[in-house]
>>> print(open('work18.csv').read())   # CSV, C-alpha atoms and all ligand atoms
chain,number,residue,atom,x,y,z
A,1,MET,CA,189.4,189.1,208.6
A,2,LEU,CA,190.1,192.1,206.4
A,3,ILE,CA,189.9,191.0,202.8
A,4,LEU,CA,190.8,193.0,199.6
A,5,GLY,CA,188.7,191.6,196.6
A,6,ILE,CA,189.8,192.4,193.1
A,7,GLU,CA,187.7,191.7,190.0
A,8,SER,CA,188.7,192.3,186.3
A,9,SER,CA,187.2,189.3,184.4
A,10,CYS,CA,185.4,191.4,181.7
A,11,ASP,CA,185.0,195.1,181.3
A,12,ASP,CA,184.6,196.4,184.9
A,13,THR,CA,187.6,197.0,187.1
A,14,ALA,CA,186.5,196.6,190.7
A,15,ALA,CA,187.9,196.3,194.2
A,16,ALA,CA,186.3,196.1,197.6
A,17,VAL,CA,187.3,195.7,201.2
A,18,LEU,CA,185.3,193.3,203.4
A,19,GLU,CA,185.6,192.7,207.1
A,20,ASP,CA,183.7,189.7,208.4
A,21,ASN,CA,180.9,190.0,205.7
A,22,LYS,CA,180.7,193.8,206.3
A,23,ILE,CA,181.4,195.8,203.2
A,24,LEU,CA,183.8,198.7,204.0
A,25,SER,CA,184.2,199.8,200.4
A,26,ASN,CA,183.1,198.7,197.0
A,27,VAL,CA,184.6,200.6,194.1
A,28,LEU,CA,184.0,200.0,190.4
A,29,THR,CA,185.0,201.7,187.1
A,30,SER,CA,182.9,200.9,184.1
A,31,GLN,CA,184.3,200.7,180.6
A,32,ASP,CA,180.8,201.1,179.0
A,33,ALA,CA,181.7,204.4,177.3
A,34,ILE,CA,184.6,202.6,175.5
A,35,HIS,CA,182.7,199.6,174.3
A,36,THR,CA,179.3,201.1,173.5
A,37,LYS,CA,180.3,202.2,170.0
A,38,PHE,CA,181.2,198.6,169.2
A,39,GLY,CA,177.9,197.2,170.7
A,40,GLY,CA,180.0,194.7,172.9
A,41,VAL,CA,183.2,194.3,174.7
A,42,VAL,CA,186.4,194.6,172.6
A,43,PRO,CA,188.9,192.3,174.6
A,44,GLU,CA,192.1,194.2,173.6
A,45,LEU,CA,190.6,197.6,174.7
A,46,ALA,CA,189.2,196.0,177.9
A,47,SER,CA,192.6,194.7,179.1
A,48,ARG,CA,194.4,198.0,178.2
A,49,LYS,CA,191.8,200.0,180.2
A,50,HIS,CA,192.1,197.6,183.2
A,51,LEU,CA,195.8,198.3,183.2
A,52,GLN,CA,195.1,202.0,183.6
A,53,SER,CA,192.3,201.6,186.2
A,54,ILE,CA,193.5,198.8,188.5
A,55,ASN,CA,195.9,200.8,190.7
A,56,PRO,CA,193.6,203.8,191.2
A,57,VAL,CA,190.6,201.5,191.9
A,58,VAL,CA,192.4,199.5,194.5
A,59,GLU,CA,193.8,202.6,196.2
A,60,THR,CA,190.3,204.2,196.3
A,61,ALA,CA,188.9,201.0,197.8
A,62,LEU,CA,191.5,201.0,200.5
A,63,SER,CA,191.2,204.7,201.3
A,64,GLN,CA,187.3,204.6,201.3
A,65,ALA,CA,187.5,201.7,203.7
A,66,GLY,CA,190.0,203.6,205.9
A,67,VAL,CA,192.4,200.7,205.7
A,68,LYS,CA,196.2,200.5,204.9
A,69,LEU,CA,197.4,197.8,202.6
A,70,GLN,CA,199.5,196.4,205.5
A,71,GLU,CA,196.4,195.8,207.5
A,72,ILE,CA,194.8,193.6,204.8
A,73,GLU,CA,194.9,189.9,205.8
A,74,LEU,CA,193.9,188.3,202.5
A,75,ILE,CA,194.0,189.4,198.8
A,76,ALA,CA,191.4,187.7,196.7
A,77,ALA,CA,191.3,188.1,192.9
A,78,THR,CA,189.2,186.6,190.1
A,79,GLN,CA,191.2,183.7,188.5
A,80,GLY,CA,188.5,182.9,185.9
A,81,PRO,CA,186.3,182.5,183.9
A,82,GLY,CA,186.4,185.5,181.7
A,83,LEU,CA,188.5,187.2,179.0
A,84,THR,CA,192.1,186.0,179.4
A,85,GLY,CA,193.7,189.5,178.8
A,86,SER,CA,191.3,191.1,181.3
A,87,LEU,CA,191.7,188.4,183.9
A,88,LEU,CA,195.5,188.6,183.7
A,89,VAL,CA,195.6,192.3,184.7
A,90,GLY,CA,193.7,191.8,188.0
A,91,PHE,CA,195.2,188.4,188.8
A,92,SER,CA,198.9,189.4,188.1
A,93,TYR,CA,198.4,192.7,189.9
A,94,SER,CA,197.0,190.9,193.0
A,95,LYS,CA,199.8,188.3,193.0
A,96,ALA,CA,202.4,191.1,192.8
A,97,LEU,CA,200.7,192.9,195.6
A,98,SER,CA,200.6,189.7,197.7
A,99,TYR,CA,204.3,189.1,197.0
A,100,ILE,CA,205.6,192.6,197.8
A,101,SER,CA,203.5,193.0,200.9
A,102,ASN,CA,203.6,189.4,202.2
A,103,ILE,CA,199.8,189.0,202.4
A,104,PRO,CA,198.2,185.6,201.5
A,105,PHE,CA,196.7,185.4,198.1
A,106,VAL,CA,193.7,183.4,196.8
A,107,GLY,CA,192.4,183.0,193.3
A,108,VAL,CA,188.6,182.9,193.0
A,109,ASP,CA,186.2,181.4,190.6
A,110,HIS,CA,184.0,184.3,189.4
A,111,MET,CA,180.9,182.0,189.3
A,112,ALA,CA,181.4,181.2,193.1
A,113,GLY,CA,181.3,185.0,193.6
A,114,HIS,CA,177.9,185.3,191.8
A,115,ILE,CA,176.5,182.2,193.6
A,116,LEU,CA,177.4,183.6,197.0
A,117,SER,CA,176.7,187.3,196.2
A,118,VAL,CA,173.3,187.0,197.9
A,119,PHE,CA,175.2,186.8,201.3
A,120,LEU,CA,176.2,190.4,200.8
A,121,SER,CA,172.6,191.4,201.6
A,122,GLU,CA,171.1,191.3,205.1
A,123,LYS,CA,168.8,188.3,204.4
A,124,HIS,CA,170.8,185.1,203.8
A,125,PRO,CA,169.5,181.9,202.2
A,126,PRO,CA,169.9,178.5,203.9
A,127,PHE,CA,171.8,175.7,202.2
A,128,PRO,CA,171.0,173.9,200.0
A,129,TYR,CA,169.7,176.2,197.3
A,130,ILE,CA,169.4,176.4,193.5
A,131,ALA,CA,171.2,179.3,192.0
A,132,LEU,CA,170.5,180.8,188.6
A,133,ILE,CA,173.5,182.8,187.4
A,134,VAL,CA,172.8,185.0,184.4
A,135,SER,CA,175.2,187.5,183.0
A,136,GLY,CA,176.8,188.6,179.8
A,137,GLY,CA,179.0,185.5,179.7
A,138,THR,CA,176.9,182.8,181.3
A,139,SER,CA,173.4,181.4,182.0
A,140,SER,CA,173.8,178.5,184.4
A,141,ILE,CA,171.9,176.7,187.1
A,142,TYR,CA,173.8,175.4,190.1
A,143,LEU,CA,173.0,173.3,193.1
A,144,ALA,CA,174.8,175.0,196.1
A,145,THR,CA,175.1,172.7,199.1
A,146,GLY,CA,177.7,174.8,201.0
A,147,PHE,CA,180.1,177.8,200.6
A,148,ASN,CA,182.5,175.7,198.6
A,149,SER,CA,180.2,173.0,197.2
A,150,PHE,CA,178.5,173.7,193.9
A,151,LYS,CA,177.2,171.3,191.2
A,152,ILE,CA,176.2,172.6,187.7
A,153,LEU,CA,172.8,171.3,186.6
A,154,GLY,CA,172.3,173.3,183.4
A,155,ARG,CA,174.1,175.8,181.2
A,156,THR,CA,173.6,177.7,178.0
A,157,ARG,CA,174.4,175.9,174.8
A,158,ASP,CA,174.9,179.1,172.8
A,159,ASP,CA,174.3,182.8,173.8
A,160,ALA,CA,174.1,183.8,177.5
A,161,ALA,CA,171.0,185.6,178.5
A,162,GLY,CA,172.9,188.9,179.0
A,163,GLU,CA,174.5,188.4,175.6
A,164,ALA,CA,171.0,188.0,174.0
A,165,PHE,CA,169.9,191.3,175.7
A,166,ASP,CA,173.0,193.1,174.5
A,167,LYS,CA,172.6,191.8,170.9
A,168,VAL,CA,168.9,192.7,170.8
A,169,ALA,CA,169.7,196.1,172.1
A,170,LYS,CA,172.3,196.6,169.3
A,171,LEU,CA,169.6,195.5,166.8
A,172,LEU,CA,167.2,198.1,168.2
A,173,GLY,CA,169.9,200.8,168.2
A,174,LEU,CA,170.1,200.9,172.0
A,175,PRO,CA,173.5,201.5,173.8
A,176,TYR,CA,175.8,198.9,175.4
A,177,PRO,CA,175.3,197.2,177.8
A,178,GLY,CA,171.9,196.6,176.4
A,179,GLY,CA,170.2,194.8,179.3
A,180,PRO,CA,169.2,197.8,181.3
A,181,HIS,CA,168.1,199.7,178.1
A,182,VAL,CA,166.0,196.9,176.8
A,183,ALA,CA,164.4,196.5,180.2
A,184,LYS,CA,163.7,200.2,180.4
A,185,GLU,CA,162.2,200.2,176.9
A,186,ALA,CA,160.1,197.2,177.8
A,187,GLU,CA,158.5,199.0,180.8
A,188,GLY,CA,155.8,200.6,178.5
A,189,GLY,CA,155.5,197.6,176.2
A,190,ASP,CA,153.1,194.7,175.6
A,191,PRO,CA,154.9,191.4,176.4
A,192,GLU,CA,152.3,189.6,174.3
A,193,PHE,CA,152.8,191.8,171.2
A,194,VAL,CA,155.1,189.2,169.4
A,195,LYS,CA,155.0,185.6,170.6
A,196,PHE,CA,158.7,185.0,170.4
A,197,PRO,CA,159.8,181.3,170.6
A,198,ARG,CA,160.9,179.7,173.9
A,199,ALA,CA,163.6,177.2,173.6
A,200,TRP,CA,162.6,174.5,176.1
A,201,LEU,CA,165.0,171.9,174.5
A,202,GLU,CA,164.6,168.2,175.4
A,203,GLU,CA,162.1,167.1,178.0
A,204,ASN,CA,163.7,167.7,181.5
A,205,SER,CA,166.7,169.6,180.1
A,206,LEU,CA,167.9,172.4,182.4
A,207,ASP,CA,170.1,173.8,179.6
A,208,PHE,CA,169.3,177.1,177.9
A,209,SER,CA,169.5,178.3,174.3
A,210,PHE,CA,168.9,182.0,173.3
A,211,SER,CA,170.4,182.2,169.8
A,212,GLY,CA,167.1,181.2,168.1
A,213,LEU,CA,165.2,183.9,170.1
A,214,LYS,CA,167.8,186.5,169.0
A,215,THR,CA,167.3,185.5,165.4
A,216,SER,CA,163.5,185.7,165.7
A,217,VAL,CA,163.8,189.3,166.9
A,218,LEU,CA,166.1,190.0,164.0
A,219,ASN,CA,163.6,188.4,161.6
A,220,HIS,CA,160.7,190.4,163.1
A,221,VAL,CA,162.7,193.7,162.7
A,222,ASN,CA,163.6,192.8,159.1
A,223,GLN,CA,160.1,191.9,158.2
A,224,GLN,CA,158.6,195.1,159.7
A,225,THR,CA,161.3,197.2,158.0
A,226,LEU,CA,160.7,195.6,154.6
A,227,LYS,CA,157.0,196.4,155.0
A,228,ASN,CA,157.8,200.0,156.0
A,229,ILE,CA,156.0,199.4,159.3
A,230,ASP,CA,157.4,201.5,162.2
A,231,LEU,CA,159.1,199.4,164.8
A,232,LYS,CA,157.3,199.2,168.1
A,233,TYR,CA,160.4,199.3,170.2
A,234,ALA,CA,158.7,199.0,173.6
A,235,ASP,CA,156.5,196.1,172.5
A,236,ILE,CA,159.4,194.2,170.9
A,237,SER,CA,161.6,194.8,174.0
A,238,ALA,CA,158.8,193.6,176.3
A,239,SER,CA,158.0,190.5,174.2
A,240,PHE,CA,161.7,189.6,174.0
A,241,GLN,CA,162.3,190.1,177.7
A,242,GLU,CA,159.2,188.0,178.5
A,243,ALA,CA,160.5,185.2,176.4
A,244,VAL,CA,163.9,185.2,178.2
A,245,VAL,CA,162.5,185.6,181.6
A,246,ASP,CA,159.8,182.8,181.1
A,247,VAL,CA,162.5,180.2,180.3
A,248,LEU,CA,164.9,181.3,183.0
A,249,VAL,CA,162.2,181.2,185.7
A,250,GLU,CA,160.5,177.9,184.5
A,251,LYS,CA,163.8,176.0,184.3
A,252,THR,CA,165.1,177.2,187.6
A,253,ILE,CA,161.9,176.3,189.4
A,254,SER,CA,161.9,172.9,187.7
A,255,ALA,CA,165.6,172.4,188.9
A,256,ALA,CA,164.3,173.1,192.4
A,257,LYS,CA,161.4,170.6,192.1
A,258,VAL,CA,163.5,167.8,190.5
A,259,ASN,CA,166.1,168.1,193.3
A,260,ASN,CA,163.6,168.7,196.1
A,261,ILE,CA,165.1,172.0,197.1
A,262,GLY,CA,163.0,174.7,198.7
A,263,THR,CA,165.2,177.8,198.1
A,264,LEU,CA,166.1,179.7,194.9
A,265,VAL,CA,168.8,182.3,194.5
A,266,VAL,CA,169.7,184.5,191.5
A,267,GLY,CA,172.9,186.3,190.6
A,268,GLY,CA,174.8,187.9,187.7
A,269,GLY,CA,174.0,191.1,185.8
A,270,VAL,CA,170.7,190.0,184.3
A,271,SER,CA,169.4,189.2,187.8
A,272,ALA,CA,169.0,192.9,188.3
A,273,ASN,CA,166.2,192.7,185.8
A,274,ARG,CA,162.9,193.8,187.5
A,275,ARG,CA,160.6,191.6,185.4
A,276,LEU,CA,162.8,188.5,186.2
A,277,ARG,CA,162.6,189.3,189.9
A,278,GLU,CA,158.9,189.9,189.8
A,279,MET,CA,158.2,186.6,187.9
A,280,PHE,CA,160.4,184.7,190.3
A,281,ALA,CA,158.7,186.2,193.3
A,282,ASN,CA,155.2,185.5,192.0
A,283,LYS,CA,155.9,181.9,190.9
A,284,CYS,CA,158.0,181.0,194.0
A,285,GLU,CA,155.1,182.2,196.2
A,286,LYS,CA,152.7,180.0,194.3
A,287,GLU,CA,155.1,177.0,194.5
A,288,HIS,CA,155.9,177.6,198.2
A,289,LEU,CA,159.6,178.2,197.4
A,290,SER,CA,161.8,180.9,199.1
A,291,PHE,CA,163.4,183.3,196.8
A,292,TYR,CA,166.5,185.4,197.4
A,293,ALA,CA,168.2,188.1,195.2
A,294,PRO,CA,171.2,190.2,195.8
A,295,LYS,CA,170.9,194.0,195.9
A,296,PRO,CA,171.2,195.3,192.3
A,297,GLU,CA,174.7,196.7,192.8
A,298,TYR,CA,175.9,193.2,193.7
A,299,CYS,CA,174.3,191.5,190.7
A,300,THR,CA,176.8,192.9,188.2
A,301,ASP,CA,180.5,192.2,188.5
A,302,ASN,CA,181.9,193.6,191.8
A,303,GLY,CA,184.9,193.2,194.1
A,304,ALA,CA,182.8,192.5,197.2
A,305,MET,CA,181.6,189.1,196.0
A,306,ILE,CA,185.2,188.2,195.1
A,307,ALA,CA,186.3,189.1,198.6
A,308,LEU,CA,183.5,187.0,200.1
A,309,ALA,CA,184.0,184.0,197.9
A,310,GLY,CA,187.8,184.4,198.4
A,311,TYR,CA,187.3,184.1,202.2
A,312,HIS,CA,185.5,180.8,201.8
A,313,THR,CA,187.9,179.5,199.2
A,314,PHE,CA,190.9,180.4,201.4
A,315,MET,CA,189.3,178.7,204.5
A,316,HIS,CA,188.6,175.6,202.4
A,317,GLN,CA,191.8,175.1,200.4
A,318,GLY,CA,194.3,177.7,201.7
A,319,ALA,CA,196.3,180.2,199.7
A,320,THR,CA,196.8,180.0,196.0
A,321,ALA,CA,200.4,179.5,194.8
A,322,LEU,CA,201.8,182.6,193.0
A,323,ASP,CA,202.8,180.5,190.0
A,324,GLN,CA,199.1,179.8,189.2
A,325,ASP,CA,197.6,181.1,186.0
A,326,VAL,CA,194.2,182.3,185.1
A,327,PHE,CA,191.5,180.0,183.5
A,328,SER,CA,188.9,181.0,180.9
A,329,ARG,CA,186.3,178.3,181.9
A,330,SER,CA,184.8,177.9,185.3
A,331,GLN,CA,186.2,175.1,187.4
A,332,LEU,CA,183.0,174.7,189.5
A,333,GLY,CA,181.0,171.4,189.5
B,401,LIG,O1,177.4,190.1,185.7
B,401,LIG,P1,177.8,191.1,184.7
B,401,LIG,O2,178.2,192.4,185.1
B,401,LIG,O3,179.0,190.4,183.9
B,401,LIG,C1,179.4,190.3,182.7
B,401,LIG,O4,178.9,189.3,182.0
B,401,LIG,O5,180.2,191.1,182.2
B,401,LIG,O6,176.6,191.1,183.6
B,401,LIG,C2,176.5,192.1,182.6
B,401,LIG,C3,175.3,191.7,181.7
B,401,LIG,C4,175.2,192.5,180.5
B,401,LIG,O7,174.9,191.6,179.4
B,401,LIG,C5,174.0,193.4,180.7
B,401,LIG,O8,173.3,193.7,179.5
B,401,LIG,C6,173.1,192.5,181.6
B,401,LIG,O9,174.1,191.9,182.5
B,401,LIG,N1,172.2,193.3,182.5
B,401,LIG,C7,170.8,193.2,182.4
B,401,LIG,C8,170.3,194.2,183.3
B,401,LIG,N2,171.3,194.8,183.9
B,401,LIG,C9,172.5,194.3,183.4
B,401,LIG,N3,170.1,192.4,181.6
B,401,LIG,C10,168.7,192.6,181.7
B,401,LIG,N4,168.1,193.4,182.5
B,401,LIG,C11,168.9,194.3,183.3
B,401,LIG,N5,168.2,195.1,184.2
>>> encode(input="work18.csv", output="structure tokens", more="lines below")
Ligand code: KG4
Amino acid sequence: MLILGIESSCDDTAAAVLEDNKILSNVLTSQDAIHTKFGGVVPELASRKHLQSINPVVETALSQAGVKLQEIELIAATQGPGLTGSLLVGFSYSKALSYISNIPFVGVDHMAGHILSVFLSEKHPPFPYIALIVSGGTSSIYLATGFNSFKILGRTRDDAAGEAFDKVAKLLGLPYPGGPHVAKEAEGGDPEFVKFPRAWLEENSLDFSFSGLKTSVLNHVNQQTLKNIDLKYADISASFQEAVVDVLVEKTISAAKVNNIGTLVVGGGVSANRRLREMFANKCEKEHLSFYAPKPEYCTDNGAMIALAGYHTFMHQGATALDQDVFSRSQLG
């Protein structure tokens, strides 16, 4: 089946064409240059930019795939969660495209896209698996028992992991999105330089909390500045990154053990982080668990994962009615 996947939940306008799990094109325009001076996404600017980008991005995806719109058999678009104004651009555009070209349409939960994005790589995990989805808007642990069957086991109570990376980057004067910059800075740093707190929360809790960690970094920076001590950017970045990664890995492994699941999967922008993948790989080997991660380009928001999840949503529940609206909170589990 030829599927056009369209994604506009936050600040990336993306489209992809998929044919039976084969990616024919995967096109993305980033808005980083617009939002970097604000240190985070400005929703109003994001939706305006989506409006400018959506048509060229979709046309490029079709032409790179060598496919005409009339050949597409399903249009899949992110329905939520995300920024309402941003979601509305891709979702309304896709509904209009479906209506004028008489192609079935399906609305996709963005989280399902991330949970399944590992299927865009050659090596596929078996079901059931535990999925850690970490991005700028979410940090959640899911139990996936099938392509349409997900149960949430834990979520962040405040900041998402990516949001914490972005805020710490802003504090250190690094550009937006901060995750890759903090990670790069951390490469030469000492992860034990500052013992930042780990929020384990109540015993057995699989929820996350990163706002205290972010405040600890702020306090450290303020104390050093007051004492006129030069900030050790690499060491602070490495220590912060280690604190985030430690909690993400420990809690995900604990979710696998409690539920007696032998396979772990990651997804979302933060799952591109090298230290996170390294710690997962090491600990999973020790615990005799299998670990799967998508290629870095399918960790951040992309149209291919929406096309893939759209296929499974469509097979499971059929087309989405064109009077449906976007949603800002995930509808999964
Ligand atoms: O999945 P994604 O594109 O969706 C949004 O939430 O928009 O994730 C973007 C997030 C940003 O917060 C970014 O800083 C973070 O993922 N990120 C990373 C890395 N690459 C992207 N965080 C840590 N390390 C990275 N290498």
>>> residues_near_ligand(input="work18.csv", ligand="ligand LIG 401 (chain B)", cutoff="8 Å", atoms="only C-alpha atoms and all ligand atoms", output="number ranges by chain")
A: 9-12, 114, 134-138, 161-166, 176-184, 241, 267-274, 299-302
>>> write_last_selection(input="work18.csv", atoms="C-alpha atoms", output="JSON list (two decimals), keeping the file's coordinate frame")
[["chain", "number", "residue", "atom", "x", "y", "z"],
["A", 9, "SER", "CA", 187.20, 189.30, 184.40],
["A", 10, "CYS", "CA", 185.40, 191.40, 181.70],
["A", 11, "ASP", "CA", 185.00, 195.10, 181.30],
["A", 12, "ASP", "CA", 184.60, 196.40, 184.90],
["A", 114, "HIS", "CA", 177.90, 185.30, 191.80],
["A", 134, "VAL", "CA", 172.80, 185.00, 184.40],
["A", 135, "SER", "CA", 175.20, 187.50, 183.00],
["A", 136, "GLY", "CA", 176.80, 188.60, 179.80],
["A", 137, "GLY", "CA", 179.00, 185.50, 179.70],
["A", 138, "THR", "CA", 176.90, 182.80, 181.30],
["A", 161, "ALA", "CA", 171.00, 185.60, 178.50],
["A", 162, "GLY", "CA", 172.90, 188.90, 179.00],
["A", 163, "GLU", "CA", 174.50, 188.40, 175.60],
["A", 164, "ALA", "CA", 171.00, 188.00, 174.00],
["A", 165, "PHE", "CA", 169.90, 191.30, 175.70],
["A", 166, "ASP", "CA", 173.00, 193.10, 174.50],
["A", 176, "TYR", "CA", 175.80, 198.90, 175.40],
["A", 177, "PRO", "CA", 175.30, 197.20, 177.80],
["A", 178, "GLY", "CA", 171.90, 196.60, 176.40],
["A", 179, "GLY", "CA", 170.20, 194.80, 179.30],
["A", 180, "PRO", "CA", 169.20, 197.80, 181.30],
["A", 181, "HIS", "CA", 168.10, 199.70, 178.10],
["A", 182, "VAL", "CA", 166.00, 196.90, 176.80],
["A", 183, "ALA", "CA", 164.40, 196.50, 180.20],
["A", 184, "LYS", "CA", 163.70, 200.20, 180.40],
["A", 241, "GLN", "CA", 162.30, 190.10, 177.70],
["A", 267, "GLY", "CA", 172.90, 186.30, 190.60],
["A", 268, "GLY", "CA", 174.80, 187.90, 187.70],
["A", 269, "GLY", "CA", 174.00, 191.10, 185.80],
["A", 270, "VAL", "CA", 170.70, 190.00, 184.30],
["A", 271, "SER", "CA", 169.40, 189.20, 187.80],
["A", 272, "ALA", "CA", 169.00, 192.90, 188.30],
["A", 273, "ASN", "CA", 166.20, 192.70, 185.80],
["A", 274, "ARG", "CA", 162.90, 193.80, 187.50],
["A", 299, "CYS", "CA", 174.30, 191.50, 190.70],
["A", 300, "THR", "CA", 176.80, 192.90, 188.20],
["A", 301, "ASP", "CA", 180.50, 192.20, 188.50],
["A", 302, "ASN", "CA", 181.90, 193.60, 191.80]]
>>> residues_around(input="work18.csv", residues="segment 48-62 of chain A", least_positions_apart="6", cutoff="8 Å", atoms="only C-alpha atoms", output="list of chain:residue names")
A:Ile6, A:Ser8, A:Asp11, A:Asp12, A:Thr13, A:Ala14, A:Ala15, A:Ala16, A:Val17, A:Ser25, A:Asn26, A:Val27, A:Leu28, A:Thr29, A:Gln31, A:Lys68, A:Leu69, A:Ser86, A:Val89, A:Gly90, A:Tyr93
>>> closest_residue(input="work18.csv", among="A:Gly146, A:Gly39, A:Gly173, A:Gly82", to="His110 of chain A", atoms="all atoms listed in the file")
A:Gly82
>>> atom_distance(input="work18.csv", atom1="atom CA of Ala238 of chain A", atom2="atom CA of Thr225 of chain A")
18.8 Å
>>> residues_around(input="work18.csv", residues="Val266 of chain A", least_positions_apart="6", cutoff="6 Å", atoms="all atoms listed in the file", output="PyMOL selection string")
chain A and resi 131-133+293
>>> atom_distance(input="work18.csv", atom1="atom CA of Gly188 of chain A", atom2="atom CA of Tyr233 of chain A")
9.6 Å
>>> residues_around(input="work18.csv", residues="segment 256-261 of chain A", least_positions_apart="5", cutoff="8 Å", atoms="all atoms listed in the file", output="PyMOL selection string")
chain A and resi 128-130
